[in-house]
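Participant: The file below is coords.cif, mmCIF, C-alpha atoms:
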data_data
loop_
_atom_site.label_atom_id
_atom_site.label_comp_id
_atom_site.auth_asym_id
_atom_site.auth_seq_id
_atom_site.Cartn_x
_atom_site.Cartn_y
_atom_site.Cartn_z
CA MET S 1 87.58 126.91 98.20
CA ASN S 2 83.86 126.55 98.93
CA LYS S 3 82.12 123.46 100.28
CA ASN S 4 80.76 122.23 96.92
CA THR S 5 84.19 122.48 95.30
CA LYS S 6 85.73 120.44 98.12
CA ILE S 7 83.05 117.77 97.73
CA TRP S 8 83.60 117.47 93.98
CA LEU S 9 87.37 117.50 94.46
CA ASN S 10 87.11 114.66 96.99
CA TYR S 11 84.97 112.66 94.57
CA LEU S 12 87.41 113.22 91.71
CA VAL S 13 90.51 112.39 93.75
CA GLY S 14 88.79 109.40 95.36
CA GLY S 15 87.62 108.11 91.99
CA ALA S 16 91.07 108.50 90.47
CA ILE S 17 92.71 106.64 93.37
CA SER S 18 90.08 103.88 93.21
CA PHE S 19 90.62 103.45 89.47
CA LEU S 20 94.40 103.30 89.97
CA LEU S 21 94.08 100.70 92.73
CA LEU S 22 91.64 98.54 90.77
CA TRP S 23 93.88 98.70 87.70
CA SER S 24 96.88 97.70 89.82
CA ILE S 25 94.98 94.76 91.34
CA TYR S 26 93.77 93.67 87.89
CA GLY S 27 97.33 93.78 86.54
CA GLN S 28 98.73 91.74 89.43
CA VAL S 29 95.98 89.11 89.24
CA THR S 30 96.33 88.85 85.45
CA LYS S 31 100.10 88.41 85.77
CA GLN S 32 99.71 85.65 88.37
CA MET S 33 96.96 83.83 86.48
CA ALA S 34 98.97 83.87 83.24
CA GLY S 35 101.18 81.05 84.50
CA ILE S 36 98.30 78.87 85.75
CA ASN S 37 96.57 76.28 83.60
CA ALA S 38 92.83 76.66 84.21
CA SER S 39 92.04 72.95 83.71
CA THR S 40 94.83 71.93 86.07
CA TRP S 41 93.64 74.44 88.66
CA ARG S 42 90.09 73.02 88.59
CA GLN S 43 91.35 69.45 89.09
CA SER S 44 94.13 70.23 91.58
CA GLY S 45 92.07 69.55 94.70
CA PRO S 46 88.70 69.86 96.46
CA ARG S 47 87.01 73.25 96.64
CA PHE S 48 87.21 72.95 100.41
CA TYR S 49 90.70 74.47 100.35
CA LEU S 50 89.56 77.38 98.21
CA TRP S 51 86.73 78.25 100.59
CA LEU S 52 89.06 77.74 103.55
CA SER S 53 91.48 80.26 102.06
CA VAL S 54 88.69 82.79 101.59
CA ILE S 55 87.45 82.34 105.18
CA LEU S 56 90.98 82.63 106.58
CA MET S 57 91.53 85.76 104.52
CA PHE S 58 88.61 87.51 106.25
CA PHE S 59 89.71 86.14 109.61
CA ASN S 60 93.26 87.39 109.07
CA THR S 61 92.02 90.82 107.99
CA SER S 62 89.76 91.10 111.04
CA LEU S 63 92.61 90.22 113.40
CA GLU S 64 94.95 92.83 111.94
CA GLY S 65 92.16 95.41 111.97
CA TYR S 66 91.48 94.75 115.64
CA LYS S 67 95.19 94.98 116.45
CA TRP S 68 95.36 98.37 114.73
CA PHE S 69 92.26 99.46 116.66
CA LEU S 70 93.96 98.61 119.97
CA LEU S 71 97.01 100.65 118.96
CA VAL S 72 95.10 103.68 117.66
CA ARG S 73 92.82 103.78 120.69
CA SER S 74 95.90 104.40 122.84
CA ALA S 75 96.54 107.64 120.95
CA GLU S 76 92.98 108.87 120.44
CA SER S 77 89.41 107.82 121.06
CA VAL S 78 88.53 106.21 117.72
CA SER S 79 85.67 103.88 116.85
CA TYR S 80 86.43 100.38 115.60
CA SER S 81 84.79 101.08 112.23
CA ARG S 82 87.01 104.12 111.61
CA ALA S 83 90.14 102.28 112.69
CA PHE S 84 89.26 99.31 110.48
CA SER S 85 88.55 101.64 107.55
CA SER S 86 91.98 103.22 108.00
CA TYR S 87 93.51 99.73 107.99
CA LEU S 88 91.82 98.98 104.66
CA ALA S 89 93.05 102.33 103.34
CA GLY S 90 96.57 101.28 104.29
CA ILE S 91 96.17 98.05 102.34
CA ALA S 92 95.01 100.03 99.32
CA PHE S 93 98.06 102.31 99.47
CA SER S 94 100.40 99.36 99.99
CA ILE S 95 99.30 97.80 96.70
CA ILE S 96 100.77 100.65 94.67
CA THR S 97 103.94 101.15 96.73
CA PRO S 98 107.14 99.05 96.60
CA ASN S 99 107.43 96.41 99.34
CA ARG S 100 104.17 97.69 100.87
CA VAL S 101 105.92 100.68 102.45
CA GLY S 102 102.78 102.78 102.07
CA GLU S 103 100.61 100.68 104.37
CA TYR S 104 101.14 102.57 107.64
CA PRO S 105 101.31 106.04 106.00
CA GLY S 106 98.01 105.18 104.30
CA ARG S 107 96.43 104.29 107.63
CA ILE S 108 97.65 107.50 109.25
CA LEU S 109 96.58 109.72 106.35
CA TYR S 110 93.06 108.29 106.52
CA LEU S 111 92.77 109.10 110.24
CA GLY S 112 93.80 112.72 109.71
CA ARG S 113 96.70 115.06 110.33
CA SER S 114 95.85 116.35 113.81
CA ASN S 115 97.53 113.49 115.69
CA THR S 116 100.05 112.29 113.13
CA PHE S 117 102.96 111.95 115.55
CA ARG S 118 100.81 110.04 118.01
CA TYR S 119 99.83 107.56 115.32
CA ILE S 120 103.46 107.21 114.26
CA ASN S 121 104.49 106.24 117.78
CA VAL S 122 101.82 103.58 118.23
CA SER S 123 102.57 102.37 114.70
CA ILE S 124 106.17 101.75 115.71
CA LEU S 125 104.97 99.55 118.55
CA GLY S 126 102.81 97.58 116.09
CA VAL S 127 105.74 97.18 113.72
CA MET S 128 107.92 95.91 116.56
CA ALA S 129 105.26 93.34 117.47
CA GLN S 130 105.16 92.17 113.87
CA LEU S 131 108.95 92.07 113.66
CA SER S 132 109.16 90.16 116.93
CA THR S 133 106.74 87.59 115.56
CA VAL S 134 108.82 87.06 112.43
CA TYR S 135 112.01 86.54 114.43
CA ILE S 136 110.32 84.24 116.97
CA PHE S 137 109.10 81.96 114.19
CA GLY S 138 112.49 82.30 112.52
CA LEU S 139 114.18 81.23 115.77
CA CYS S 140 111.91 78.16 115.98
CA GLY S 141 112.76 77.29 112.37
CA LEU S 142 116.50 77.66 112.99
CA ILE S 143 116.29 75.45 116.09
CA TYR S 144 114.65 72.73 113.99
CA TYR S 145 117.19 73.26 111.19
CA ASN S 146 120.11 72.90 113.62
CA ILE S 147 118.66 69.65 114.93
CA ALA S 148 118.02 68.23 111.46
CA PHE S 149 121.11 69.65 109.69
CA PRO S 150 123.79 70.56 112.24
CA ALA S 151 126.44 72.85 110.79
CA THR S 152 128.59 75.78 111.88
CA ILE S 153 126.79 78.34 109.71
CA ALA S 154 123.45 77.13 111.09
CA LYS S 155 124.67 77.66 114.65
CA VAL S 156 125.91 81.16 113.81
CA ALA S 157 122.54 82.03 112.26
CA LEU S 158 120.76 80.65 115.33
CA ALA S 159 122.92 82.71 117.69
CA ALA S 160 122.40 85.88 115.62
CA CYS S 161 118.63 85.35 115.54
CA PHE S 162 118.59 84.78 119.29
CA VAL S 163 120.43 88.07 119.92
CA VAL S 164 118.06 89.97 117.62
CA ASN S 165 115.08 88.46 119.46
CA ILE S 166 116.45 89.77 122.75
CA ILE S 167 116.99 93.28 121.31
CA ILE S 168 113.49 93.41 119.86
CA ALA S 169 112.01 92.11 123.12
CA ILE S 170 113.77 94.89 125.07
CA ILE S 171 112.48 97.55 122.68
CA TYR S 172 108.95 96.15 122.74
CA TRP S 173 108.52 95.34 126.43
CA ARG S 174 110.72 98.08 127.93
CA PHE S 175 109.93 100.99 125.65
CA GLU S 176 109.91 103.42 128.58
CA SER S 177 113.64 102.80 129.09
CA TRP S 178 114.69 104.03 125.63
CA LEU S 179 112.33 107.00 125.35
CA PRO S 180 114.68 109.26 127.42
CA LEU S 181 117.36 108.68 124.79
CA LEU S 182 115.19 110.49 122.25
CA GLU S 183 114.86 113.49 124.54
CA ARG S 184 118.60 114.08 124.33
CA LYS S 185 118.34 114.79 120.60
CA LYS S 186 116.71 118.07 119.70
CA LEU S 187 115.33 116.79 116.41
CA LEU S 188 113.79 113.71 118.06
CA ARG S 189 112.50 115.43 121.20
CA ARG S 190 109.04 115.92 119.74
CA PHE S 191 108.73 112.20 119.09
CA ALA S 192 109.78 111.49 122.67
CA ILE S 193 107.00 113.72 124.02
CA TYR S 194 104.38 111.90 122.00
CA GLY S 195 106.13 108.64 122.76
CA LYS S 196 104.99 108.99 126.36
CA LEU S 197 101.58 107.99 125.06
CA LEU S 198 102.92 104.45 124.89
CA ASN S 199 102.76 104.37 128.67
CA ARG S 200 98.99 104.15 128.27
CA ILE S 201 99.43 100.73 126.70
CA THR S 202 99.28 98.16 129.46
CA ILE S 203 101.25 94.93 129.57
CA ARG S 204 98.03 93.04 128.98
CA ARG S 205 97.35 94.98 125.79
CA GLN S 206 100.93 94.40 124.63
CA ILE S 207 100.43 90.67 125.13
CA VAL S 208 97.20 90.79 123.12
CA ILE S 209 98.88 92.74 120.30
CA LEU S 210 101.82 90.33 120.15
CA GLY S 211 99.45 87.35 120.39
CA ILE S 212 97.41 88.60 117.42
CA SER S 213 100.60 89.08 115.41
CA MET S 214 101.70 85.51 116.16
CA LEU S 215 98.24 84.06 115.50
CA ARG S 216 98.23 85.61 112.01
CA HIS S 217 101.45 83.75 111.13
CA ILE S 218 100.30 80.26 112.14
CA PRO S 219 100.06 78.20 108.91
CA VAL S 220 96.55 76.92 109.64
CA GLU S 221 95.82 75.93 106.05
CA LYS S 222 99.02 73.89 105.74
CA ILE S 223 98.31 72.11 109.03
CA ILE S 224 94.78 71.18 107.91
CA THR S 225 96.01 70.16 104.46
CA LYS S 226 98.69 67.92 105.94
CA ASN S 227 96.26 66.17 108.27
CA TRP S 228 93.37 66.00 105.77
#
Please express what this file holds, its structure, as structure tokens.

Facilitator:
Amino acid sequence: MNKNTKIWLNYLVGGAISFLLLWSIYGQVTKQMAGINASTWRQSGPRFYLWLSVILMFFNTSLEGYKWFLLVRSAESVSYSRAFSSYLAGIAFSIITPNRVGEYPGRILYLGRSNTFRYINVSILGVMAQLSTVYIFGLCGLIYYNIAFPATIAKVALAACFVVNIIIAIIYWRFESWLPLLERKKLLRRFAIYGKLLNRITIRRQIVILGISMLRHIPVEKIITKNW
């Protein structure tokens, strides 16, 4: 395949994917707007909240892009623009996949195939930071729920959430302790070799990554709306 054919093939494939993504977005927006009364939406509140949502959307996207940049830079020397572009590519793939399972594969595919296993390892660390954030906020919610509505089932849920938080914390903060377990399995040994790249990630960077994940989940708009 010559150079011109590759260029035209890239344009055709890229155009087809772009059309599919735009059509998917159009279908989702149309479906959501079908149940909204336009006149009610215009009179539902000040435009301040609409603009606030738009600003927070860009802020949220920038935070996640920077977090992905910190992770990718541990595996390979990548510019911020390329890392952010791969993050946007992941969002595009997630739109057309169930439960957004295509987000991380989309990011990795954009960056290339040469260091796929390296990207997979740092991606796992990012997923664990995100999962830890969800369970930390869940633990806070269950503590409040137990205070407001004490019940046996609520206490069991709180205890289970607390145990899961500890497990995730061990995996996230002490990743070097479970990497040798992978080396015992022949099929997973390759991942363990690349997993040693995680040792390049300092504690400070782990704190920043977890902090960004938690910051993205703070309901800023609801707090402002409540106090407005």

Participant: Identify which of the residues S:Ser62, S:Ser74, S:Thr116, S:Ser18 lies closest to Thr202 in chain S, counting only C-alpha atoms when measuring atom-to-atom distances.

Facilitator: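 Counting only C-alpha atoms, the residue closest to Thr202 in chain S is S:Ser74.
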
Participant: Can you list what the PyMOL selection byres ((chain S and resi 205) around 12) grabs from this structure, as a count of residues only?

Facilitator: 26

Participant: Skipping near chain neighbours, those fewer than 3 positions away, what residues fall within 10 Å of Leu131 in chain S using only C-alpha atoms, listed as a list in words?

Facilitator: Leu125, Gly126, Val127, Met128, Val134, Tyr135, Ile136, Asn165, Ile168, Ala169, Tyr172, Leu210 and Ser213 of chain S

Participant: Would you list the contacts of Leu20 in chain S as a list in words, taking every protein, DNA or RNA residue within 10 Å and counting only C-alpha atoms, but skipping same-chain residues closer than 6 positions in sequence?

Facilitator: Gly14, Tyr26, Ala92, Ile95 and Ile96 of chain S

Participant: I'd like to see the residues matched by the PyMOL selection byres ((chain S and resi 217) around 10) on this file, and ideally I'd get them as a ChimeraX atom specification.

Facilitator: /S:60,130,133-134,137,212-216,218-220

Participant: Which residues match the PyMOL selection byres ((chain S and resi 157) around 12) in the file above, as a list of chain:residue names?

Facilitator: S:Tyr135, S:Gly138, S:Leu139, S:Cys140, S:Gly141, S:Leu142, S:Ile143, S:Tyr145, S:Asn146, S:Pro150, S:Ala151, S:Thr152, S:Ile153, S:Ala154, S:Lys155, S:Val156, S:Leu158, S:Ala159, S:Ala160, S:Cys161, S:Phe162, S:Val163, S:Val164

Participant: Rounded to one decimal, what separation in Å do you get between CA of Leu63 in chain S and CA of Tyr87 in chain S?

Facilitator: 11.0 Å

Participant: Assuming the input is short of atoms at range 70-96 of chain S, produce N, CA and C atoms for that part as a PDB file, keeping the file's coordinate frame.

Facilitator:
ATOM      1  N   LEU S  70      93.395  98.553 118.621  1.00  0.00           N
ATOM      2  CA  LEU S  70      93.960  98.610 119.970  1.00  0.00           C
ATOM      3  C   LEU S  70      95.103  99.633 120.042  1.00  0.00           C
ATOM      4  N   LEU S  71      95.903  99.709 118.982  1.00  0.00           N
ATOM      5  CA  LEU S  71      97.010 100.650 118.960  1.00  0.00           C
ATOM      6  C   LEU S  71      96.517 102.093 118.841  1.00  0.00           C
ATOM      7  N   VAL S  72      95.594 102.320 117.911  1.00  0.00           N
ATOM      8  CA  VAL S  72      95.100 103.680 117.660  1.00  0.00           C
ATOM      9  C   VAL S  72      94.339 104.209 118.872  1.00  0.00           C
ATOM     10  N   ARG S  73      93.611 103.339 119.541  1.00  0.00           N
ATOM     11  CA  ARG S  73      92.820 103.780 120.690  1.00  0.00           C
ATOM     12  C   ARG S  73      93.699 104.290 121.832  1.00  0.00           C
ATOM     13  N   SER S  74      94.968 103.900 121.832  1.00  0.00           N
ATOM     14  CA  SER S  74      95.900 104.400 122.840  1.00  0.00           C
ATOM     15  C   SER S  74      96.294 105.841 122.567  1.00  0.00           C
ATOM     16  N   ALA S  75      96.182 106.271 121.319  1.00  0.00           N
ATOM     17  CA  ALA S  75      96.540 107.640 120.950  1.00  0.00           C
ATOM     18  C   ALA S  75      95.341 108.571 120.921  1.00  0.00           C
ATOM     19  N   GLU S  76      94.182 108.032 120.574  1.00  0.00           N
ATOM     20  CA  GLU S  76      92.980 108.870 120.440  1.00  0.00           C
ATOM     21  C   GLU S  76      91.752 107.987 120.532  1.00  0.00           C
ATOM     22  N   SER S  77      90.667 108.558 120.983  1.00  0.00           N
ATOM     23  CA  SER S  77      89.410 107.820 121.060  1.00  0.00           C
ATOM     24  C   SER S  77      88.827 107.678 119.655  1.00  0.00           C
ATOM     25  N   VAL S  78      88.962 106.488 119.091  1.00  0.00           N
ATOM     26  CA  VAL S  78      88.530 106.210 117.720  1.00  0.00           C
ATOM     27  C   VAL S  78      87.619 104.994 117.734  1.00  0.00           C
ATOM     28  N   SER S  79      86.571 105.027 116.945  1.00  0.00           N
ATOM     29  CA  SER S  79      85.670 103.880 116.850  1.00  0.00           C
ATOM     30  C   SER S  79      86.338 102.751 116.064  1.00  0.00           C
ATOM     31  N   TYR S  80      85.847 101.541 116.290  1.00  0.00           N
ATOM     32  CA  TYR S  80      86.430 100.380 115.600  1.00  0.00           C
ATOM     33  C   TYR S  80      86.230 100.488 114.090  1.00  0.00           C
ATOM     34  N   SER S  81      85.064 100.978 113.660  1.00  0.00           N
ATOM     35  CA  SER S  81      84.790 101.080 112.230  1.00  0.00           C
ATOM     36  C   SER S  81      85.760 102.037 111.541  1.00  0.00           C
ATOM     37  N   ARG S  82      86.070 103.151 112.199  1.00  0.00           N
ATOM     38  CA  ARG S  82      87.010 104.120 111.610  1.00  0.00           C
ATOM     39  C   ARG S  82      88.421 103.556 111.589  1.00  0.00           C
ATOM     40  N   ALA S  83      88.813 102.885 112.658  1.00  0.00           N
ATOM     41  CA  ALA S  83      90.140 102.280 112.690  1.00  0.00           C
ATOM     42  C   ALA S  83      90.275 101.183 111.639  1.00  0.00           C
ATOM     43  N   PHE S  84      89.227 100.383 111.473  1.00  0.00           N
ATOM     44  CA  PHE S  84      89.260  99.310 110.480  1.00  0.00           C
ATOM     45  C   PHE S  84      89.278  99.892 109.062  1.00  0.00           C
ATOM     46  N   SER S  85      88.551 100.984 108.857  1.00  0.00           N
ATOM     47  CA  SER S  85      88.550 101.640 107.550  1.00  0.00           C
ATOM     48  C   SER S  85      89.945 102.176 107.218  1.00  0.00           C
ATOM     49  N   SER S  86      90.628 102.724 108.232  1.00  0.00           N
ATOM     50  CA  SER S  86      91.980 103.220 108.000  1.00  0.00           C
ATOM     51  C   SER S  86      92.943 102.073 107.682  1.00  0.00           C
ATOM     52  N   TYR S  87      92.699 100.916 108.295  1.00  0.00           N
ATOM     53  CA  TYR S  87      93.510  99.730 107.990  1.00  0.00           C
ATOM     54  C   TYR S  87      93.318  99.304 106.538  1.00  0.00           C
ATOM     55  N   LEU S  88      92.081  99.320 106.061  1.00  0.00           N
ATOM     56  CA  LEU S  88      91.820  98.980 104.660  1.00  0.00           C
ATOM     57  C   LEU S  88      92.427 100.016 103.717  1.00  0.00           C
ATOM     58  N   ALA S  89      92.412 101.285 104.141  1.00  0.00           N
ATOM     59  CA  ALA S  89      93.050 102.330 103.340  1.00  0.00           C
ATOM     60  C   ALA S  89      94.549 102.085 103.231  1.00  0.00           C
ATOM     61  N   GLY S  90      95.147 101.611 104.319  1.00  0.00           N
ATOM     62  CA  GLY S  90      96.570 101.280 104.290  1.00  0.00           C
ATOM     63  C   GLY S  90      96.876 100.147 103.324  1.00  0.00           C
ATOM     64  N   ILE S  91      95.991  99.150 103.284  1.00  0.00           N
ATOM     65  CA  ILE S  91      96.170  98.050 102.340  1.00  0.00           C
ATOM     66  C   ILE S  91      96.106  98.560 100.910  1.00  0.00           C
ATOM     67  N   ALA S  92      95.156  99.466 100.665  1.00  0.00           N
ATOM     68  CA  ALA S  92      95.010 100.030  99.320  1.00  0.00           C
ATOM     69  C   ALA S  92      96.273 100.775  98.891  1.00  0.00           C
ATOM     70  N   PHE S  93      96.836 101.575  99.796  1.00  0.00           N
ATOM     71  CA  PHE S  93      98.060 102.310  99.470  1.00  0.00           C
ATOM     72  C   PHE S  93      99.249 101.362  99.301  1.00  0.00           C
ATOM     73  N   SER S  94      99.267 100.275 100.069  1.00  0.00           N
ATOM     74  CA  SER S  94     100.400  99.360  99.990  1.00  0.00           C
ATOM     75  C   SER S  94     100.473  98.642  98.644  1.00  0.00           C
ATOM     76  N   ILE S  95      99.328  98.506  97.976  1.00  0.00           N
ATOM     77  CA  ILE S  95      99.300  97.800  96.700  1.00  0.00           C
ATOM     78  C   ILE S  95     100.107  98.535  95.636  1.00  0.00           C
ATOM     79  N   ILE S  96     100.108  99.859  95.706  1.00  0.00           N
ATOM     80  CA  ILE S  96     100.770 100.650  94.670  1.00  0.00           C
ATOM     81  C   ILE S  96     102.125 101.196  95.118  1.00  0.00           C
TER      82      ILE S  96
END
